[in-house]
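Have a look at start-v7.cif; it's mmCIF, C-alpha atoms:
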data_protein
loop_
_atom_site.group_PDB
_atom_site.id
_atom_site.type_symbol
_atom_site.label_atom_id
_atom_site.label_comp_id
_atom_site.auth_asym_id
_atom_site.auth_seq_id
_atom_site.Cartn_x
_atom_site.Cartn_y
_atom_site.Cartn_z
ATOM 1 C CA MET A 1 63.151 25.989 -24.331
ATOM 2 C CA LYS A 2 64.634 27.428 -21.200
ATOM 3 C CA ARG A 3 67.512 25.116 -20.284
ATOM 4 C CA LEU A 4 66.632 24.873 -16.590
ATOM 5 C CA PHE A 5 67.194 21.097 -16.528
ATOM 6 C CA PRO A 6 70.102 20.274 -18.850
ATOM 7 C CA SER A 7 69.252 16.555 -18.635
ATOM 8 C CA LEU A 8 65.954 17.156 -20.425
ATOM 9 C CA PRO A 9 66.051 16.965 -24.234
ATOM 10 C CA GLU A 10 65.732 19.998 -26.487
ATOM 11 C CA ASN A 11 62.029 20.827 -26.914
ATOM 12 C CA ALA A 12 61.171 18.829 -23.796
ATOM 13 C CA THR A 13 57.537 17.992 -23.168
ATOM 14 C CA LEU A 14 55.649 17.038 -20.040
ATOM 15 C CA GLY A 15 56.356 13.448 -21.078
ATOM 16 C CA SER A 16 60.081 14.228 -20.889
ATOM 17 C CA VAL A 17 59.646 15.355 -17.288
ATOM 18 C CA TYR A 18 57.638 12.204 -16.483
ATOM 19 C CA LYS A 19 60.430 10.059 -17.934
ATOM 20 C CA ALA A 20 63.063 11.919 -15.922
ATOM 21 C CA PHE A 21 61.222 11.620 -12.583
ATOM 22 C CA PRO A 22 58.813 8.664 -12.834
ATOM 23 C CA ASP A 23 58.810 7.641 -9.172
ATOM 24 C CA LYS A 24 57.948 11.141 -8.027
ATOM 25 C CA LEU A 25 55.281 11.848 -10.649
ATOM 26 C CA SER A 26 53.377 8.543 -10.718
ATOM 27 C CA PRO A 27 51.233 9.416 -7.663
ATOM 28 C CA LEU A 28 50.476 12.857 -9.087
ATOM 29 C CA CYS A 29 49.402 11.397 -12.425
ATOM 30 C CA ALA A 30 47.054 8.937 -10.691
ATOM 31 C CA TYR A 31 45.558 11.766 -8.631
ATOM 32 C CA GLU A 32 45.220 14.011 -11.691
ATOM 33 C CA SER A 33 43.346 11.216 -13.472
ATOM 34 C CA LEU A 34 40.960 10.865 -10.532
ATOM 35 C CA VAL A 35 40.381 14.620 -10.324
ATOM 36 C CA MET A 36 39.900 15.167 -14.051
ATOM 37 C CA ARG A 37 38.076 11.983 -15.089
ATOM 38 C CA GLY A 38 36.693 10.486 -11.881
ATOM 39 C CA GLU A 39 33.132 10.854 -10.651
ATOM 40 C CA SER A 40 32.218 14.436 -9.902
ATOM 41 C CA ASP A 41 29.339 16.877 -9.679
ATOM 42 C CA LEU A 42 31.316 18.809 -12.309
ATOM 43 C CA SER A 43 31.292 17.586 -15.891
ATOM 44 C CA VAL A 44 34.578 16.714 -17.563
ATOM 45 C CA ALA A 45 34.065 19.791 -19.768
ATOM 46 C CA GLU A 46 33.710 22.024 -16.692
ATOM 47 C CA ARG A 47 36.845 20.534 -15.132
ATOM 48 C CA GLU A 48 38.822 21.036 -18.337
ATOM 49 C CA LEU A 49 37.530 24.618 -18.565
ATOM 50 C CA ILE A 50 38.772 25.214 -15.005
ATOM 51 C CA ALA A 51 42.158 23.644 -15.874
ATOM 52 C CA ALA A 52 42.517 25.938 -18.892
ATOM 53 C CA TYR A 53 41.399 28.947 -16.834
ATOM 54 C CA VAL A 54 43.819 28.309 -13.952
ATOM 55 C CA SER A 55 46.668 27.719 -16.410
ATOM 56 C CA GLY A 56 45.795 30.943 -18.217
ATOM 57 C CA LEU A 57 45.731 32.878 -14.934
ATOM 58 C CA ASN A 58 49.196 31.469 -14.217
ATOM 59 C CA ALA A 59 50.388 32.342 -17.745
ATOM 60 C CA CYS A 60 51.448 28.725 -18.256
ATOM 61 C CA ALA A 61 51.210 28.615 -22.047
ATOM 62 C CA TYR A 62 51.887 24.870 -22.210
ATOM 63 C CA CYS A 63 48.993 23.807 -19.937
ATOM 64 C CA HIS A 64 46.699 26.621 -21.017
ATOM 65 C CA GLY A 65 47.002 25.624 -24.667
ATOM 66 C CA ALA A 66 46.729 21.904 -23.947
ATOM 67 C CA HIS A 67 43.632 22.281 -21.805
ATOM 68 C CA ILE A 68 41.950 24.572 -24.283
ATOM 69 C CA VAL A 69 42.217 21.592 -26.645
ATOM 70 C CA PHE A 70 40.941 19.225 -23.938
ATOM 71 C CA ALA A 71 37.992 21.559 -23.282
ATOM 72 C CA LYS A 72 37.368 21.749 -27.020
ATOM 73 C CA ALA A 73 37.215 17.949 -27.105
ATOM 74 C CA TYR A 74 34.314 18.215 -24.646
ATOM 75 C CA GLY A 75 32.418 20.877 -26.576
ATOM 76 C CA ILE A 76 33.786 24.160 -25.224
ATOM 77 C CA GLU A 77 34.719 26.610 -27.944
ATOM 78 C CA VAL A 78 38.219 28.082 -28.008
ATOM 79 C CA GLU A 79 36.653 31.542 -28.220
ATOM 80 C CA THR A 80 34.778 30.922 -24.963
ATOM 81 C CA ILE A 81 38.024 30.368 -23.086
ATOM 82 C CA GLU A 82 39.639 33.356 -24.782
ATOM 83 C CA ALA A 83 36.696 35.507 -23.689
ATOM 84 C CA LEU A 84 36.944 34.082 -20.175
ATOM 85 C CA MET A 85 40.581 35.122 -19.983
ATOM 86 C CA GLU A 86 39.649 38.634 -21.120
ATOM 87 C CA ASN A 87 36.747 39.140 -18.709
ATOM 88 C CA ARG A 88 35.184 36.411 -16.604
ATOM 89 C CA ASP A 89 32.028 38.437 -15.959
ATOM 90 C CA THR A 90 31.183 38.975 -19.629
ATOM 91 C CA ALA A 91 32.454 35.645 -20.976
ATOM 92 C CA PRO A 92 29.850 33.449 -22.688
ATOM 93 C CA VAL A 93 29.773 30.801 -19.965
ATOM 94 C CA GLU A 94 26.740 29.759 -17.941
ATOM 95 C CA ASP A 95 25.937 32.316 -15.247
ATOM 96 C CA ARG A 96 25.989 29.482 -12.751
ATOM 97 C CA LEU A 97 29.708 28.895 -13.508
ATOM 98 C CA LYS A 98 30.780 32.477 -12.864
ATOM 99 C CA PRO A 99 30.834 32.345 -9.027
ATOM 100 C CA LEU A 100 32.714 29.047 -9.207
ATOM 101 C CA LEU A 101 35.242 30.571 -11.603
ATOM 102 C CA ALA A 102 35.520 33.662 -9.386
ATOM 103 C CA TYR A 103 36.316 31.369 -6.462
ATOM 104 C CA ILE A 104 38.956 29.541 -8.494
ATOM 105 C CA GLU A 105 40.493 32.802 -9.694
ATOM 106 C CA LYS A 106 40.786 34.132 -6.157
ATOM 107 C CA LEU A 107 42.163 30.802 -4.922
ATOM 108 C CA THR A 108 44.824 30.928 -7.649
ATOM 109 C CA ILE A 109 45.801 34.575 -7.292
ATOM 110 C CA SER A 110 45.309 35.295 -3.578
ATOM 111 C CA PRO A 111 44.527 32.057 -1.715
ATOM 112 C CA SER A 112 44.911 33.492 1.776
ATOM 113 C CA ARG A 113 42.060 35.921 1.069
ATOM 114 C CA MET A 114 39.299 33.308 0.659
ATOM 115 C CA THR A 115 36.176 34.135 2.680
ATOM 116 C CA GLU A 116 32.833 32.595 3.579
ATOM 117 C CA ALA A 117 31.221 34.999 1.123
ATOM 118 C CA ASP A 118 33.225 33.418 -1.708
ATOM 119 C CA ALA A 119 31.854 29.974 -0.836
ATOM 120 C CA LYS A 120 28.321 31.275 -0.246
ATOM 121 C CA ALA A 121 28.271 32.777 -3.751
ATOM 122 C CA VAL A 122 29.122 29.335 -5.171
ATOM 123 C CA TYR A 123 26.380 27.641 -3.129
ATOM 124 C CA ALA A 124 23.861 30.356 -4.058
ATOM 125 C CA ALA A 125 24.535 29.538 -7.726
ATOM 126 C CA GLY A 126 23.363 25.990 -7.023
ATOM 127 C CA TRP A 127 26.668 24.156 -6.574
ATOM 128 C CA SER A 128 27.180 21.539 -3.870
ATOM 129 C CA GLU A 129 30.086 21.345 -1.447
ATOM 130 C CA SER A 130 31.257 18.333 -3.439
ATOM 131 C CA ALA A 131 31.317 20.377 -6.665
ATOM 132 C CA LEU A 132 33.222 23.173 -4.947
ATOM 133 C CA PHE A 133 35.741 20.709 -3.529
ATOM 134 C CA ASP A 134 36.194 19.149 -6.969
ATOM 135 C CA ALA A 135 36.783 22.610 -8.461
ATOM 136 C CA ILE A 136 39.321 23.294 -5.703
ATOM 137 C CA GLN A 137 41.083 20.017 -6.541
ATOM 138 C CA VAL A 138 41.299 20.930 -10.248
ATOM 139 C CA CYS A 139 42.614 24.347 -9.265
ATOM 140 C CA GLY A 140 45.201 22.803 -6.950
ATOM 141 C CA VAL A 141 46.371 20.215 -9.460
ATOM 142 C CA PHE A 142 46.865 22.807 -12.174
ATOM 143 C CA ASN A 143 48.590 25.313 -9.929
ATOM 144 C CA LEU A 144 51.014 22.483 -9.115
ATOM 145 C CA VAL A 145 51.429 21.205 -12.680
ATOM 146 C CA ASN A 146 51.851 24.755 -14.000
ATOM 147 C CA ARG A 147 54.759 25.162 -11.621
ATOM 148 C CA PHE A 148 56.287 21.841 -12.717
ATOM 149 C CA ILE A 149 56.095 22.990 -16.318
ATOM 150 C CA GLU A 150 57.498 26.463 -15.647
ATOM 151 C CA GLY A 151 60.044 25.225 -13.097
ATOM 152 C CA THR A 152 61.530 22.632 -15.451
ATOM 153 C CA GLY A 153 61.557 24.975 -18.444
ATOM 154 C CA VAL A 154 59.141 23.017 -20.633
ATOM 155 C CA GLN A 155 57.759 25.317 -23.304
ATOM 156 C CA SER A 156 54.493 25.243 -25.195
ATOM 157 C CA PRO A 157 54.735 23.427 -28.508
ATOM 158 C CA GLY A 158 53.005 26.451 -30.022
ATOM 159 C CA THR A 159 50.152 24.494 -31.554
ATOM 160 C CA ASP A 160 47.004 26.487 -32.253
ATOM 161 C CA PRO A 161 44.123 24.816 -30.372
ATOM 162 C CA ARG A 162 41.835 25.599 -33.310
ATOM 163 C CA GLU A 163 43.897 23.214 -35.431
ATOM 164 C CA ALA A 164 43.405 20.133 -33.233
ATOM 165 C CA ASP A 165 42.285 17.295 -35.463
ATOM 166 C CA GLU A 166 39.523 14.820 -34.661
ATOM 167 C CA ALA A 167 41.991 12.048 -33.758
ATOM 168 C CA THR A 168 43.579 14.289 -31.115
ATOM 169 C CA LEU A 169 40.192 15.332 -29.761
ATOM 170 C CA ASN A 170 39.085 11.688 -29.570
ATOM 171 C CA ARG A 171 42.241 10.751 -27.643
ATOM 172 C CA TYR A 172 41.583 13.543 -25.135
ATOM 173 C CA ARG A 173 37.996 12.310 -24.686
ATOM 174 C CA SER A 174 39.261 9.046 -23.240
ATOM 175 C CA ASP A 175 38.302 8.431 -19.609
ATOM 176 C CA SER A 176 41.780 6.998 -19.090
ATOM 177 C CA PHE A 177 43.722 9.712 -20.939
ATOM 178 C CA TYR A 178 45.729 10.911 -17.938
ATOM 179 C CA THR A 179 46.810 7.452 -16.787
ATOM 180 C CA ASP A 180 47.423 6.311 -20.381
ATOM 181 C CA PHE A 181 49.650 9.346 -20.982
ATOM 182 C CA GLY A 182 51.544 8.687 -17.777
ATOM 183 C CA ARG A 183 52.091 5.024 -18.620
ATOM 184 C CA GLU A 184 53.188 5.926 -22.164
ATOM 185 C CA ASN A 185 55.834 8.139 -20.572
ATOM 186 C CA GLY A 186 57.271 5.649 -18.110
ATOM 187 C CA LEU A 187 55.072 6.111 -15.038
ATOM 188 C CA ASP A 188 54.006 3.091 -12.987
ATOM 189 C CA ILE A 189 50.366 3.885 -12.251
ATOM 190 C CA PRO A 190 48.107 1.363 -10.520
#

Translate the structure of the given file into structure tokens.
Amino acid sequence: MKRLFPSLPENATLGSVYKAFPDKLSPLCAYESLVMRGESDLSVAERELIAAYVSGLNACAYCHGAHIVFAKAYGIEVETIEALMENRDTAPVEDRLKPLLAYIEKLTISPSRMTEADAKAVYAAGWSESALFDAIQVCGVFNLVNRFIEGTGVQSPGTDPREADEATLNRYRSDSFYTDFGRENGLDIP
């Protein structure tokens, strides 16, 4: 672990950060739960795929690895995300997802360069404005969380997503996972 916050324990986790700053992170956790598990034109699997993709683009090993496991819990193969990180255009994801993922990539890497053509490509693939906004919210949440992780020095536990057991996958499938995790780590979430 990078010792950026000496008050955090050795091998600090996201839960350690929640416990250190509960008042500041409770609203974020509630919002993250809404974005990732609330009603959406995007499936939970698609949102988790986007979370893993954004975290991979940001080289946030902690969130990238965690959300590969989350995506796996919803039926997305680890190899699919690995291929996506190698080359979005040739990755074995639905063609309809590719313009949405291109939008998210551009929004993550060069947000000031977004154009109408980027949005039109998403709509031409059959996505609604609501779906695009939900994808933007996932992108925004994970750009923020990735920076919390990297800024506090939390490191990836180094677990291979392929080794996630069924109990872990079942826990991640919970509609209330994000709020449950926050509450377990000292957050007061309505």

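This file, queried with the PyMOL selection byres ((chain A and resi 156-166) around 7), gives the residues A:Ala61, A:Tyr62, A:Gly65, A:Ile68, A:Val69, A:Val78, A:Val154, A:Gln155, A:Ala167, A:Thr168, A:Leu169, A:Asn170.
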
Write a file of the just-selected residues containing C-alpha atoms, as an mmCIF file, in the coordinates of the input.
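Result file follows (part-v2.cif):
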data_model
loop_
_atom_site.group_PDB
_atom_site.id
_atom_site.type_symbol
_atom_site.label_atom_id
_atom_site.label_comp_id
_atom_site.auth_asym_id
_atom_site.auth_seq_id
_atom_site.Cartn_x
_atom_site.Cartn_y
_atom_site.Cartn_z
ATOM 1 C CA ALA A 61 51.210 28.615 -22.047
ATOM 2 C CA TYR A 62 51.887 24.870 -22.210
ATOM 3 C CA GLY A 65 47.002 25.624 -24.667
ATOM 4 C CA ILE A 68 41.950 24.572 -24.283
ATOM 5 C CA VAL A 69 42.217 21.592 -26.645
ATOM 6 C CA VAL A 78 38.219 28.082 -28.008
ATOM 7 C CA VAL A 154 59.141 23.017 -20.633
ATOM 8 C CA GLN A 155 57.759 25.317 -23.304
ATOM 9 C CA ALA A 167 41.991 12.048 -33.758
ATOM 10 C CA THR A 168 43.579 14.289 -31.115
ATOM 11 C CA LEU A 169 40.192 15.332 -29.761
ATOM 12 C CA ASN A 170 39.085 11.688 -29.570
#

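A search radius of 12 Å centred on (48.9, 4.7, -16.0), applied to all atoms listed in the file, returns the residues A:Tyr18, A:Pro22, A:Leu25, A:Ser26, A:Pro27, A:Leu28, A:Cys29, A:Ala30, A:Tyr31, A:Glu32, A:Ser33, A:Leu34, A:Asp175, A:Ser176, A:Phe177, A:Tyr178, A:Thr179, A:Asp180, A:Phe181, A:Gly182, A:Arg183, A:Glu184, A:Asn185, A:Gly186, A:Leu187, A:Asp188, A:Ile189, A:Pro190.
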
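Shortest separation to Ser174 in chain A among A:Leu57, A:Met36, A:Ala119, A:Leu42 occurs at residue A:Met36, atoms counted being all atoms listed in the file.
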
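Computed from the coordinates, the CA of Ala12 in chain A to CA of His64 in chain A distance equals 16.7 Å.
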
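Evaluated on this file, the PyMOL selection byres ((chain A and resi 91-106) around 8) matches A:Ile50, A:Val54, A:Leu57, A:Thr80, A:Ile81, A:Ala83, A:Leu84, A:Glu86, A:Asn87, A:Arg88, A:Asp89, A:Thr90, A:Leu107, A:Thr108, A:Ile109, A:Ser110, A:Pro111, A:Arg113, A:Met114, A:Asp118, A:Ala119, A:Ala121, A:Val122, A:Ala125, A:Gly126, A:Leu132, A:Ala135, A:Ile136, A:Cys139.
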
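Picked by the PyMOL selection byres ((chain A and resi 149) around 10) from the coordinates shown: Ala12, Thr13, Leu14, Val17, Cys60, Ala61, Tyr62, Cys63, Leu144, Val145, Asn146, Arg147, Phe148, Glu150, Gly151, Thr152, Gly153, Val154, Gln155 and Ser156 of chain A.
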
Practice problem: Calculate how many Å separate CA of Ser130 in chain A from CA of Arg37 in chain A, rounding to one decimal. | Solution: 14.9 Å

Quiz item: What gap, in Å, lies between CA of Tyr172 in chain A and CA of Glu129 in chain A?
Solution: 27.5 Å
